[in-house]
file coords.csv (CSV, C-alpha atoms (C1' of nucleotides) and all ligand atoms)
chain,number,residue,atom,x,y,z
A,116,MET,CA,107.1,78.7,113.3
A,117,THR,CA,103.9,80.5,114.0
A,118,ARG,CA,100.8,79.9,111.9
A,119,GLY,CA,101.4,83.2,110.1
A,120,GLU,CA,104.9,82.3,109.2
A,121,GLN,CA,103.7,78.9,107.9
A,122,MET,CA,101.1,80.4,105.7
A,123,GLN,CA,103.7,82.9,104.3
A,124,ALA,CA,106.2,80.2,103.7
A,125,ASP,CA,103.7,78.1,101.9
A,126,ILE,CA,102.7,81.1,99.7
A,127,LEU,CA,106.3,81.9,99.0
A,128,SER,CA,107.0,78.4,97.9
A,129,VAL,CA,104.0,78.4,95.6
A,130,LEU,CA,105.3,81.6,94.1
A,131,MET,CA,108.8,80.3,93.8
A,132,ALA,CA,107.6,77.2,92.0
A,133,GLN,CA,106.3,79.5,89.3
A,134,ASP,CA,108.4,81.4,86.8
A,135,GLY,CA,106.0,84.2,86.2
A,136,VAL,CA,103.3,86.2,87.8
A,137,MET,CA,100.4,84.8,89.8
A,138,SER,CA,97.3,86.5,90.9
A,139,ALA,CA,96.1,86.2,94.5
A,140,TYR,CA,93.4,83.9,93.3
A,141,ASP,CA,95.9,81.7,91.5
A,142,ILE,CA,97.8,81.4,94.7
A,143,MET,CA,94.6,80.6,96.6
A,144,ASP,CA,93.8,77.8,94.2
A,145,ALA,CA,97.3,76.4,94.5
A,146,LEU,CA,96.8,76.3,98.3
A,147,LYS,CA,93.4,74.6,98.2
A,148,GLY,CA,95.2,71.3,98.7
A,149,SER,CA,96.8,72.1,102.0
A,150,TYR,CA,94.2,74.6,103.1
A,151,PRO,CA,90.8,73.4,101.8
A,152,LYS,CA,88.9,76.3,103.4
A,153,ILE,CA,91.3,79.1,102.5
A,154,ALA,CA,89.7,82.4,101.4
A,155,PRO,CA,90.9,85.6,99.8
A,156,PRO,CA,91.5,87.6,103.0
A,157,THR,CA,94.0,85.1,104.3
A,158,VAL,CA,95.9,85.2,101.0
A,159,TYR,CA,95.9,89.0,100.9
A,160,ARG,CA,97.0,89.2,104.5
A,161,ALA,CA,100.0,87.0,103.9
A,162,LEU,CA,100.9,88.7,100.7
A,163,SER,CA,100.8,92.0,102.4
A,164,ALA,CA,103.3,90.8,105.0
A,165,LEU,CA,105.5,89.2,102.4
A,166,THR,CA,105.5,92.3,100.3
A,167,LYS,CA,106.3,94.5,103.2
A,168,ALA,CA,109.2,92.2,104.1
A,169,GLY,CA,110.5,92.4,100.5
A,170,GLN,CA,110.2,88.7,99.8
A,171,VAL,CA,107.4,89.2,97.3
A,172,HIS,CA,106.9,91.9,94.8
A,173,ARG,CA,103.5,93.1,93.6
A,174,LEU,CA,103.3,93.8,89.9
A,175,GLU,CA,101.2,96.9,89.8
A,176,SER,CA,100.6,96.8,86.0
A,177,ARG,CA,99.3,93.2,86.3
A,178,ASN,CA,97.7,93.0,89.7
A,179,GLY,CA,99.9,90.1,90.3
A,180,TYR,CA,102.6,88.8,92.6
A,181,MET,CA,106.0,87.1,92.3
A,182,ALA,CA,108.7,85.9,94.6
A,183,CYS,CA,111.7,88.2,94.9
A,184,GLN,CA,114.6,86.9,92.9
A,185,HIS,CA,117.3,88.7,94.7
A,186,ASP,CA,117.3,88.9,98.5
A,187,HIS,CA,118.0,92.5,97.7
A,188,ALA,CA,118.5,94.9,100.6
A,189,GLU,CA,116.9,97.9,98.8
A,190,GLU,CA,113.2,97.9,98.7
A,191,THR,CA,113.1,98.7,95.0
A,192,ALA,CA,113.6,96.7,91.9
A,193,VAL,CA,113.1,97.1,88.2
A,194,LEU,CA,110.7,94.5,87.0
A,195,SER,CA,110.8,93.6,83.3
A,196,ILE,CA,107.6,91.8,82.4
A,197,CYS,CA,107.2,89.9,79.2
A,198,ASP,CA,103.8,90.3,77.5
A,199,ASP,CA,104.3,87.1,75.5
A,200,CYS,CA,105.4,84.5,78.1
A,201,GLY,CA,104.7,86.2,81.4
A,202,ALA,CA,108.2,85.8,82.6
A,203,VAL,CA,109.5,88.5,84.9
A,204,GLU,CA,113.1,89.6,85.3
A,205,GLU,CA,114.2,91.5,88.3
A,206,THR,CA,117.1,94.0,88.2
A,207,ALA,CA,118.6,96.2,90.8
A,208,SER,CA,119.6,99.7,89.8
A,209,ASN,CA,121.0,102.2,92.2
A,210,LYS,CA,121.4,104.6,89.4
A,211,ILE,CA,117.6,104.7,88.8
A,212,LEU,CA,117.0,105.1,92.6
A,213,ASP,CA,119.4,108.0,92.6
A,214,ASP,CA,117.6,109.6,89.7
A,215,LEU,CA,114.3,109.2,91.4
A,216,ALA,CA,115.6,110.6,94.6
A,217,TYR,CA,116.8,113.6,92.6
A,218,VAL,CA,113.4,114.1,91.0
A,219,ALA,CA,111.7,113.8,94.4
A,220,LYS,CA,114.1,116.2,96.1
A,221,LYS,CA,113.4,118.9,93.5
A,222,SER,CA,109.8,119.1,94.4
A,223,GLY,CA,110.1,118.2,98.1
A,224,PHE,CA,108.3,114.9,97.6
A,225,VAL,CA,109.1,112.3,100.2
A,226,PRO,CA,108.8,108.8,98.6
A,227,SER,CA,107.9,105.8,100.6
A,228,ARG,CA,107.7,103.3,97.8
A,229,HIS,CA,108.7,103.0,94.1
A,230,VAL,CA,107.1,101.2,91.3
A,231,ILE,CA,109.4,100.6,88.3
A,232,GLU,CA,108.1,98.3,85.6
A,233,MET,CA,109.0,97.7,82.0
A,234,ILE,CA,106.4,96.0,79.9
A,235,GLY,CA,107.5,94.4,76.6
A,236,THR,CA,109.1,91.3,75.2
A,237,CYS,CA,111.8,89.4,76.9
A,238,GLY,CA,115.0,88.4,75.2
A,239,ASP,CA,113.9,84.8,74.6
A,240,CYS,CA,110.6,85.8,73.0
A,241,ALA,CA,112.1,88.6,71.0
A,242,SER,CA,114.7,86.2,69.4
A,243,ALA,CA,112.0,83.6,68.9
A,244,GLU,CA,110.0,86.1,67.0
A,245,ARG,CA,113.0,87.1,64.9
A,246,ASP,CA,113.6,83.4,64.1
A,247,ALA,CA,110.0,82.9,63.1
A,248,SER,CA,109.9,85.8,60.8
A,249,SER,CA,113.2,85.1,59.0
B,1335,MET,CA,84.3,116.3,65.8
B,1336,THR,CA,83.3,112.7,65.7
B,1337,ARG,CA,81.3,111.1,68.5
B,1338,GLY,CA,84.5,109.4,69.8
B,1339,GLU,CA,86.4,112.6,69.9
B,1340,GLN,CA,83.6,114.3,71.7
B,1341,MET,CA,83.5,111.7,74.4
B,1342,GLN,CA,87.2,111.8,74.8
B,1343,ALA,CA,87.2,115.6,75.0
B,1344,ASP,CA,84.5,115.4,77.7
B,1345,ILE,CA,86.5,112.8,79.7
B,1346,LEU,CA,89.6,114.9,79.4
B,1347,SER,CA,88.0,118.0,80.7
B,1348,VAL,CA,86.6,116.0,83.6
B,1349,LEU,CA,90.1,114.8,84.4
B,1350,MET,CA,91.6,118.3,84.0
B,1351,ALA,CA,89.1,119.8,86.3
B,1352,GLN,CA,90.4,117.5,89.0
B,1353,ASP,CA,93.8,117.9,90.6
B,1354,GLY,CA,94.3,114.3,91.5
B,1355,VAL,CA,93.5,110.8,90.5
B,1356,MET,CA,90.1,109.6,89.4
B,1357,SER,CA,88.8,106.1,88.9
B,1358,ALA,CA,87.0,105.1,85.8
B,1359,TYR,CA,83.8,104.9,87.8
B,1360,ASP,CA,84.4,108.4,89.2
B,1361,ILE,CA,84.7,109.7,85.7
B,1362,MET,CA,81.5,107.8,84.7
B,1363,ASP,CA,79.6,109.4,87.6
B,1364,ALA,CA,80.9,112.9,86.6
B,1365,LEU,CA,79.6,112.3,83.0
B,1366,LYS,CA,76.1,111.1,84.1
B,1367,GLY,CA,74.9,114.6,83.6
B,1368,SER,CA,75.7,114.9,80.0
B,1369,TYR,CA,75.4,111.2,79.3
B,1370,PRO,CA,72.6,109.8,81.5
B,1371,LYS,CA,73.0,106.3,80.1
B,1372,ILE,CA,76.8,106.0,80.1
B,1373,ALA,CA,78.2,102.6,81.1
B,1374,PRO,CA,81.6,101.3,82.0
B,1375,PRO,CA,82.6,100.1,78.5
B,1376,THR,CA,82.2,103.5,77.0
B,1377,VAL,CA,84.5,105.1,79.6
B,1378,TYR,CA,87.1,102.4,79.3
B,1379,ARG,CA,87.1,102.6,75.5
B,1380,ALA,CA,87.7,106.4,75.6
B,1381,LEU,CA,90.3,106.1,78.4
B,1382,SER,CA,92.1,103.5,76.4
B,1383,ALA,CA,92.3,105.8,73.3
B,1384,LEU,CA,93.4,108.8,75.5
B,1385,THR,CA,96.0,106.7,77.2
B,1386,LYS,CA,97.4,105.5,73.9
B,1387,ALA,CA,97.5,109.0,72.6
B,1388,GLY,CA,99.4,110.1,75.7
B,1389,GLN,CA,96.8,112.6,76.9
B,1390,VAL,CA,95.9,110.6,79.9
B,1391,HIS,CA,98.1,108.5,82.2
B,1392,ARG,CA,96.9,105.4,84.0
B,1393,LEU,CA,98.3,105.2,87.6
B,1394,GLU,CA,98.9,101.5,87.9
B,1395,SER,CA,99.4,101.6,91.6
B,1396,ARG,CA,96.0,103.2,92.1
B,1397,ASN,CA,93.9,101.8,89.3
B,1398,GLY,CA,93.2,105.4,88.4
B,1399,TYR,CA,93.6,108.0,85.7
B,1400,MET,CA,94.8,111.5,85.4
B,1401,ALA,CA,95.2,114.1,82.6
B,1402,CYS,CA,98.7,114.5,81.3
B,1403,GLN,CA,100.2,117.7,82.6
B,1404,HIS,CA,102.9,118.1,80.0
B,1405,ASP,CA,102.1,117.5,76.3
B,1406,HIS,CA,105.3,115.6,76.5
B,1407,ALA,CA,106.5,113.9,73.4
B,1408,GLU,CA,108.1,110.9,75.2
B,1409,GLU,CA,105.6,108.3,76.2
B,1410,THR,CA,107.0,108.0,79.7
B,1411,ALA,CA,106.6,110.1,82.7
B,1412,VAL,CA,107.6,109.8,86.4
B,1413,LEU,CA,104.4,110.1,88.5
B,1414,SER,CA,104.7,111.2,92.1
B,1415,ILE,CA,101.6,110.3,93.9
B,1416,CYS,CA,100.7,111.8,97.3
B,1417,ASP,CA,99.2,109.3,99.7
B,1418,ASP,CA,97.8,112.1,101.9
B,1419,CYS,CA,96.1,114.4,99.4
B,1420,GLY,CA,96.0,112.4,96.2
B,1421,ALA,CA,97.8,115.0,94.2
B,1422,VAL,CA,100.0,113.7,91.4
B,1423,GLU,CA,103.0,115.5,90.0
B,1424,GLU,CA,104.4,114.5,86.6
B,1425,THR,CA,108.0,114.8,85.8
B,1426,ALA,CA,109.9,114.0,82.6
B,1427,SER,CA,113.3,112.4,83.1
B,1428,ASN,CA,115.4,111.3,80.1
B,1429,LYS,CA,118.0,110.1,82.5
B,1430,ILE,CA,115.7,107.5,83.9
B,1431,LEU,CA,114.7,106.5,80.4
B,1432,ASP,CA,118.3,106.0,79.5
B,1433,ASP,CA,118.9,103.9,82.6
B,1434,LEU,CA,116.0,101.7,81.8
B,1435,ALA,CA,117.1,101.3,78.2
B,1436,TYR,CA,120.4,100.2,79.6
B,1437,VAL,CA,118.9,97.7,81.9
B,1438,ALA,CA,116.7,96.4,79.1
B,1439,LYS,CA,119.6,96.1,76.6
B,1440,LYS,CA,121.7,94.0,79.0
B,1441,SER,CA,119.1,91.2,79.0
B,1442,GLY,CA,117.8,91.7,75.5
B,1443,PHE,CA,114.4,92.9,76.8
B,1444,VAL,CA,112.4,95.0,74.3
B,1445,PRO,CA,110.2,97.4,76.2
B,1446,SER,CA,107.0,98.8,74.8
B,1447,ARG,CA,105.9,100.7,77.9
B,1448,HIS,CA,107.3,101.9,81.2
B,1449,VAL,CA,105.6,102.4,84.5
B,1450,ILE,CA,107.5,104.7,86.9
B,1451,GLU,CA,105.6,105.8,90.0
B,1452,MET,CA,106.7,107.1,93.3
B,1453,ILE,CA,104.3,106.8,96.2
B,1454,GLY,CA,104.8,109.0,99.2
B,1455,THR,CA,104.0,112.4,100.6
B,1456,CYS,CA,104.1,115.5,98.4
B,1457,GLY,CA,106.0,118.7,99.4
B,1458,ASP,CA,102.9,120.5,100.6
B,1459,CYS,CA,101.7,117.6,102.8
B,1460,ALA,CA,105.2,117.0,104.1
B,1461,SER,CA,105.7,120.6,105.2
B,1462,ALA,CA,102.2,120.6,106.7
B,1463,GLU,CA,103.1,117.6,108.8
B,1464,ARG,CA,106.3,119.2,109.9
B,1465,ASP,CA,104.3,122.3,111.0
B,1466,ALA,CA,101.8,120.3,112.8
B,1467,SER,CA,104.4,118.3,114.8
B,1468,SER,CA,106.5,121.3,115.7
C,1216,DT,C1',68.4,111.8,49.1
C,1217,DT,C1',68.7,107.6,50.3
C,1218,DG,C1',71.1,103.6,51.6
C,1219,DC,C1',75.5,101.6,53.2
C,1220,DG,C1',79.1,100.5,56.4
C,1221,DA,C1',82.3,101.6,59.8
C,1222,DA,C1',82.9,103.4,64.3
C,1223,DA,C1',81.2,104.4,68.6
C,1224,DC,C1',77.9,103.9,72.0
C,1225,DG,C1',74.4,101.2,75.0
C,1226,DT,C1',73.0,97.0,77.3
C,1227,DT,C1',73.5,93.0,79.7
C,1228,DA,C1',76.1,90.1,82.0
C,1229,DT,C1',80.0,88.5,84.1
C,1230,DG,C1',84.7,87.9,85.8
C,1231,DC,C1',88.6,89.4,88.5
C,1232,DT,C1',90.7,92.0,92.3
C,1233,DA,C1',90.4,93.4,97.0
C,1234,DT,C1',88.6,94.5,101.6
C,1235,DA,C1',85.2,95.2,105.6
C,1236,DA,C1',83.3,93.1,109.5
C,1237,DC,C1',82.8,89.7,112.5
C,1238,DA,C1',83.3,84.8,114.3
C,1239,DT,C1',86.3,81.1,115.3
C,1240,DA,C1',90.4,78.5,116.2
C,1241,DC,C1',95.1,78.2,117.5
C,1242,DA,C1',99.4,78.7,120.3
C,1243,DG,C1',102.2,80.2,123.8
C,1244,DA,C1',102.4,82.3,128.6
C,1245,DC,C1',101.0,81.9,133.0
D,556,DG,C1',93.6,74.6,132.2
D,557,DT,C1',92.7,79.4,131.3
D,558,DC,C1',93.8,83.6,129.3
D,559,DT,C1',95.1,86.4,125.5
D,560,DG,C1',96.7,88.0,121.3
D,561,DT,C1',97.2,86.8,116.6
D,562,DA,C1',95.9,84.5,112.5
D,563,DT,C1',92.6,82.3,110.0
D,564,DG,C1',87.7,81.4,108.4
D,565,DT,C1',83.2,83.2,107.0
D,566,DT,C1',80.1,86.1,104.8
D,567,DA,C1',79.3,89.7,102.2
D,568,DT,C1',80.2,93.4,99.4
D,569,DA,C1',82.8,97.0,97.0
D,570,DG,C1',85.6,98.2,93.2
D,571,DC,C1',87.9,97.5,88.6
D,572,DA,C1',87.5,95.8,84.0
D,573,DT,C1',85.9,93.4,79.9
D,574,DA,C1',83.1,90.1,76.8
D,575,DA,C1',79.5,89.8,73.7
D,576,DC,C1',76.1,91.6,71.2
D,577,DG,C1',72.5,95.1,69.8
D,578,DT,C1',71.7,99.9,68.5
D,579,DT,C1',72.7,104.5,67.1
D,580,DT,C1',75.2,107.8,64.6
D,581,DC,C1',77.3,109.9,60.8
D,582,DG,C1',80.1,110.4,56.8
D,583,DC,C1',80.2,109.0,52.2
D,584,DA,C1',78.9,107.2,47.9
D,585,DA,C1',75.5,106.0,44.6
A,1501,ZN,ZN,113.3,91.6,94.8
A,1502,ZN,ZN,109.0,86.2,77.0
A,1503,ZN,ZN,102.2,113.2,80.6
A,1504,ZN,ZN,99.9,115.8,99.4
call {"tool": "encode", "arguments": {"input": "coords.csv", "output": "structure tokens", "more": "lines below"}}
Ligand SMILES: [Zn+2]
Ligand SMILES: [Zn+2]
Ligand SMILES: [Zn+2]
Ligand SMILES: [Zn+2]
result
Amino acid sequence: MTRGEQMQADILSVLMAQDGVMSAYDIMDALKGSYPKIAPPTVYRALSALTKAGQVHRLESRNGYMACQHDHAEETAVLSICDDCGAVEETASNKILDDLAYVAKKSGFVPSRHVIEMIGTCGDCASAERDASS
Amino acid sequence: MTRGEQMQADILSVLMAQDGVMSAYDIMDALKGSYPKIAPPTVYRALSALTKAGQVHRLESRNGYMACQHDHAEETAVLSICDDCGAVEETASNKILDDLAYVAKKSGFVPSRHVIEMIGTCGDCASAERDASS
DNA sequence: TTGCGAAACGTTATGCTATAACATACAGAC
DNA sequence: GTCTGTATGTTATAGCATAACGTTTCGCAA
């Protein structure tokens, strides 16, 4: 395992130990134990590699990162982000990909990457709210 | 027209005079003529109101803003962002909204906002590239 | 017309996110 | 052991966004 792979594996395990979103600086703090001198560029470089490899997703609406939950082959996932608890659920949807491909084709757009995020309240928090207000 | 509406109208016209994405600081610079003492909070407050009203869209993958091209009733749009020229095309797609609603329903997620962005090369830039390489 | 109060703007300061540019250290090939 | 490419460390800075509080504006009511 090269140095690069080691750093990426460490970051991935930090992310997997967390249910929700982490910022790059959160990750950096979590790595301060094993890498006392770690600095932002190192984290961003590793995140960039992990993201390109599909093992980590960047949440554009949050400037945050999460471990992929799926080993999915397609690059694209639907990310449902809970505003209350921060949990993220990842869903694959070929239907949406097809629809987007159709939209792109109509105007000659050639997509290289998709961002599909839903922001709202997860099922758990939604039912907790219902219970509280009943 | 109240002060707030004036500021929002000015920001909107700055955005509409631009084909592509602008950062909040770009907008602020463009307003320095009419508002010499303008500062970030003012711009962000107005952008927040405009975004809520659906007249401006925030491009999450770019930390940027654009004027809505559609007067669309639905809150949600598909934004196709060209990496080469910065142009953004806005498309409405009820099909995608339905698909997302289905995804959400399956897990009890209650969405309040959607982010749907395609990053890639627009039709114009794509054909320009083809011409150049032929 | 004057005074009040809400809303919006200005000011100051700061925090978070991300990258540029260059130096150093590491690991594997030879 | 040296060479060499790659990754990390270091320093600095750019870019995005908001907190907290003071000041201005302006409609409205007395
Ligand atoms: Zn995934
Ligand atoms: Zn939740
Ligand atoms: Zn729109
Ligand atoms: Zn283009």
call {"tool": "calpha_fit_and_write", "arguments": {"input": "coords.csv", "fixed": "chain B", "moving": "chain A", "output": "short mmCIF file (atom, residue, chain, number, x, y, z; two decimals) with C-alpha atoms, keeping the file's coordinate frame"}}
result
data_model
loop_
_atom_site.label_atom_id
_atom_site.label_comp_id
_atom_site.auth_asym_id
_atom_site.auth_seq_id
_atom_site.Cartn_x
_atom_site.Cartn_y
_atom_site.Cartn_z
CA MET A 116 84.40 116.22 65.73
CA THR A 117 83.32 112.64 65.66
CA ARG A 118 81.35 111.12 68.51
CA GLY A 119 84.49 109.37 69.74
CA GLU A 120 86.45 112.54 69.84
CA GLN A 121 83.61 114.25 71.75
CA MET A 122 83.45 111.59 74.35
CA GLN A 123 87.29 111.77 74.79
CA ALA A 124 87.25 115.49 75.04
CA ASP A 125 84.55 115.42 77.62
CA ILE A 126 86.52 112.81 79.66
CA LEU A 127 89.67 114.82 79.36
CA SER A 128 87.99 117.90 80.62
CA VAL A 129 86.54 116.04 83.58
CA LEU A 130 90.02 114.83 84.35
CA MET A 131 91.55 118.22 83.92
CA ALA A 132 89.04 119.76 86.28
CA GLN A 133 90.44 117.50 88.95
CA ASP A 134 93.80 117.86 90.64
CA GLY A 135 94.28 114.26 91.51
CA VAL A 136 93.45 110.79 90.42
CA MET A 137 90.02 109.57 89.37
CA SER A 138 88.84 106.09 88.89
CA ALA A 139 86.92 105.11 85.76
CA TYR A 140 83.80 104.99 87.83
CA ASP A 141 84.41 108.47 89.18
CA ILE A 142 84.68 109.69 85.66
CA MET A 143 81.49 107.84 84.71
CA ASP A 144 79.61 109.51 87.51
CA ALA A 145 80.92 112.91 86.51
CA LEU A 146 79.56 112.25 82.98
CA LYS A 147 76.11 111.10 84.10
CA GLY A 148 74.90 114.65 83.53
CA SER A 149 75.71 114.87 79.87
CA TYR A 150 75.42 111.17 79.19
CA PRO A 151 72.62 109.79 81.41
CA LYS A 152 72.96 106.24 80.03
CA ILE A 153 76.75 106.01 80.00
CA ALA A 154 78.24 102.66 81.11
CA PRO A 155 81.67 101.39 82.01
CA PRO A 156 82.66 100.06 78.56
CA THR A 157 82.28 103.45 76.96
CA VAL A 158 84.46 105.03 79.65
CA TYR A 159 87.13 102.34 79.34
CA ARG A 160 87.11 102.60 75.58
CA ALA A 161 87.75 106.32 75.65
CA LEU A 162 90.34 106.05 78.33
CA SER A 163 92.14 103.47 76.36
CA ALA A 164 92.34 105.80 73.37
CA LEU A 165 93.36 108.73 75.50
CA THR A 166 96.04 106.74 77.19
CA LYS A 167 97.38 105.44 73.96
CA ALA A 168 97.51 109.01 72.63
CA GLY A 169 99.43 110.13 75.75
CA GLN A 170 96.83 112.62 76.89
CA VAL A 171 95.92 110.57 79.94
CA HIS A 172 98.08 108.55 82.18
CA ARG A 173 96.93 105.45 84.05
CA LEU A 174 98.21 105.18 87.59
CA GLU A 175 98.97 101.53 87.87
CA SER A 176 99.45 101.56 91.69
CA ARG A 177 96.00 103.18 92.11
CA ASN A 178 93.93 101.87 89.25
CA GLY A 179 93.24 105.41 88.44
CA TYR A 180 93.58 107.98 85.70
CA MET A 181 94.77 111.58 85.33
CA ALA A 182 95.17 114.09 82.57
CA CYS A 183 98.72 114.51 81.29
CA GLN A 184 100.27 117.65 82.64
CA HIS A 185 102.89 118.07 80.04
CA ASP A 186 102.08 117.55 76.36
CA HIS A 187 105.25 115.56 76.58
CA ALA A 188 106.53 113.91 73.40
CA GLU A 189 107.99 110.85 75.21
CA GLU A 190 105.52 108.28 76.22
CA THR A 191 106.94 108.01 79.73
CA ALA A 192 106.66 110.09 82.80
CA VAL A 193 107.53 109.83 86.44
CA LEU A 194 104.41 110.13 88.47
CA SER A 195 104.77 111.21 92.11
CA ILE A 196 101.59 110.35 93.96
CA CYS A 197 100.80 111.74 97.34
CA ASP A 198 99.22 109.26 99.78
CA ASP A 199 97.83 112.08 101.92
CA CYS A 200 96.11 114.44 99.43
CA GLY A 201 96.00 112.41 96.24
CA ALA A 202 97.78 115.01 94.26
CA VAL A 203 99.95 113.77 91.43
CA GLU A 204 103.04 115.45 90.04
CA GLU A 205 104.35 114.57 86.67
CA THR A 206 108.07 114.82 85.79
CA ALA A 207 109.96 114.04 82.67
CA SER A 208 113.31 112.35 83.01
CA ASN A 209 115.39 111.31 80.09
CA LYS A 210 118.03 110.16 82.43
CA ILE A 211 115.69 107.50 83.94
CA LEU A 212 114.62 106.42 80.38
CA ASP A 213 118.25 106.03 79.48
CA ASP A 214 118.88 103.93 82.55
CA LEU A 215 115.95 101.75 81.77
CA ALA A 216 117.00 101.34 78.22
CA TYR A 217 120.39 100.24 79.52
CA VAL A 218 118.85 97.68 81.85
CA ALA A 219 116.64 96.37 79.03
CA LYS A 220 119.50 96.16 76.55
CA LYS A 221 121.56 94.01 78.93
CA SER A 222 119.05 91.28 78.94
CA GLY A 223 117.70 91.75 75.40
CA PHE A 224 114.32 92.90 76.68
CA VAL A 225 112.40 95.04 74.25
CA PRO A 226 110.16 97.48 76.24
CA SER A 227 106.97 98.78 74.86
CA ARG A 228 105.80 100.70 77.87
CA HIS A 229 107.19 101.98 81.22
CA VAL A 230 105.56 102.43 84.51
CA ILE A 231 107.45 104.76 86.89
CA GLU A 232 105.65 105.76 90.06
CA MET A 233 106.74 107.17 93.37
CA ILE A 234 104.33 106.78 96.21
CA GLY A 235 104.79 109.01 99.29
CA THR A 236 104.06 112.47 100.57
CA CYS A 237 104.13 115.53 98.47
CA GLY A 238 106.02 118.64 99.42
CA ASP A 239 102.93 120.49 100.66
CA CYS A 240 101.80 117.64 102.91
CA ALA A 241 105.26 116.90 104.16
CA SER A 242 105.74 120.58 105.32
CA ALA A 243 102.24 120.59 106.75
CA GLU A 244 103.11 117.61 108.80
CA ARG A 245 106.35 119.20 109.97
CA ASP A 246 104.38 122.33 110.99
CA ALA A 247 101.86 120.28 112.90
CA SER A 248 104.38 118.38 114.83
CA SER A 249 106.57 121.35 115.82
#
call {"tool": "residues_near_ligand", "arguments": {"input": "coords.csv", "ligand": "ligand ZN 1504 (chain A)", "cutoff": "9 Å", "atoms": "all atoms listed in the file", "output": "tab-separated table (two decimals) with C-alpha atoms, keeping the file's coordinate frame"}}
result
chain	number	residue	atom	x	y	z
A	224	PHE	CA	108.30	114.90	97.60
B	1415	ILE	CA	101.60	110.30	93.90
B	1416	CYS	CA	100.70	111.80	97.30
B	1417	ASP	CA	99.20	109.30	99.70
B	1418	ASP	CA	97.80	112.10	101.90
B	1419	CYS	CA	96.10	114.40	99.40
B	1420	GLY	CA	96.00	112.40	96.20
B	1421	ALA	CA	97.80	115.00	94.20
B	1422	VAL	CA	100.00	113.70	91.40
B	1454	GLY	CA	104.80	109.00	99.20
B	1455	THR	CA	104.00	112.40	100.60
B	1456	CYS	CA	104.10	115.50	98.40
B	1457	GLY	CA	106.00	118.70	99.40
B	1458	ASP	CA	102.90	120.50	100.60
B	1459	CYS	CA	101.70	117.60	102.80
B	1460	ALA	CA	105.20	117.00	104.10
call {"tool": "residues_near_point", "arguments": {"input": "coords.csv", "point": "(74.3, 98.2, 71.6)", "cutoff": "8 Å", "atoms": "all atoms listed in the file", "output": "PyMOL selection string"}}
result
(chain C and resi 1224-1226) or (chain D and resi 576-579)
call {"tool": "interface_residues", "arguments": {"input": "coords.csv", "of": "chain A", "to": "chain B", "cutoff": "10 Å", "atoms": "all atoms listed in the file", "output": "PyMOL selection string"}}
result
chain A and resi 173-178+193-198+204+206-216+218-242
call {"tool": "interface_residues", "arguments": {"input": "coords.csv", "of": "chain C", "to": "chain A", "cutoff": "8 Å", "atoms": "only C-alpha atoms (C1' of nucleotides)", "output": "PDB file with C-alpha atoms (C1' of nucleotides), in the coordinates of the input"}}
result
ATOM      1  C1'  DT C1232      90.700  92.000  92.300  1.00  0.00           C
ATOM      2  C1'  DT C1234      88.600  94.500 101.600  1.00  0.00           C
ATOM      3  C1'  DA C1242      99.400  78.700 120.300  1.00  0.00           C
TER       4       DA C1242
END
call {"tool": "residues_near_ligand", "arguments": {"input": "coords.csv", "ligand": "ligand ZN 1503 (chain A)", "cutoff": "7 Å", "atoms": "all atoms listed in the file", "output": "list in words"}}
result
Gly1388, Gln1389, Val1390, His1391, Cys1402, Gln1403, His1404, Asp1405, His1406, Ala1411 and Glu1424 of chain B
call {"tool": "interface_residues", "arguments": {"input": "coords.csv", "of": "chain D", "to": "chain A", "cutoff": "9 Å", "atoms": "all atoms listed in the file", "output": "MDAnalysis selection string"}}
result
chainID D and resid 561:565
call {"tool": "write_last_selection", "arguments": {"input": "coords.csv", "atoms": "C-alpha atoms (C1' of nucleotides)", "output": "PDB file, in the coordinates of the input"}}
result
ATOM      1  C1'  DT D 561      97.200  86.800 116.600  1.00  0.00           C
ATOM      2  C1'  DA D 562      95.900  84.500 112.500  1.00  0.00           C
ATOM      3  C1'  DT D 563      92.600  82.300 110.000  1.00  0.00           C
ATOM      4  C1'  DG D 564      87.700  81.400 108.400  1.00  0.00           C
ATOM      5  C1'  DT D 565      83.200  83.200 107.000  1.00  0.00           C
TER       6       DT D 565
END
call {"tool": "closest_residue", "arguments": {"input": "coords.csv", "among": "A:Gln123, A:Thr166, A:Asp134, A:Tyr150", "to": "ligand ZN 1502 (chain A)", "atoms": "only C-alpha atoms and all ligand atoms"}}
result
A:Asp134
call {"tool": "atom_distance", "arguments": {"input": "coords.csv", "atom1": "atom CA of B:Gln1340", "atom2": "atom CA of B:Ile1361"}}
result
14.8 Å
call {"tool": "atom_distance", "arguments": {"input": "coords.csv", "atom1": "atom CA of B:Arg1464", "atom2": "atom CA of B:Val1355"}}
result
24.7 Å
call {"tool": "atom_distance", "arguments": {"input": "coords.csv", "atom1": "atom C1' of C:DG1230", "atom2": "atom C1' of D:DA572"}}
result
8.6 Å
call {"tool": "closest_residue", "arguments": {"input": "coords.csv", "among": "A:Glu244, A:Tyr217, A:Gln133, A:Thr191", "to": "ligand ZN 1501 (chain A)", "atoms": "only C-alpha atoms and all ligand atoms"}}
result
A:Thr191
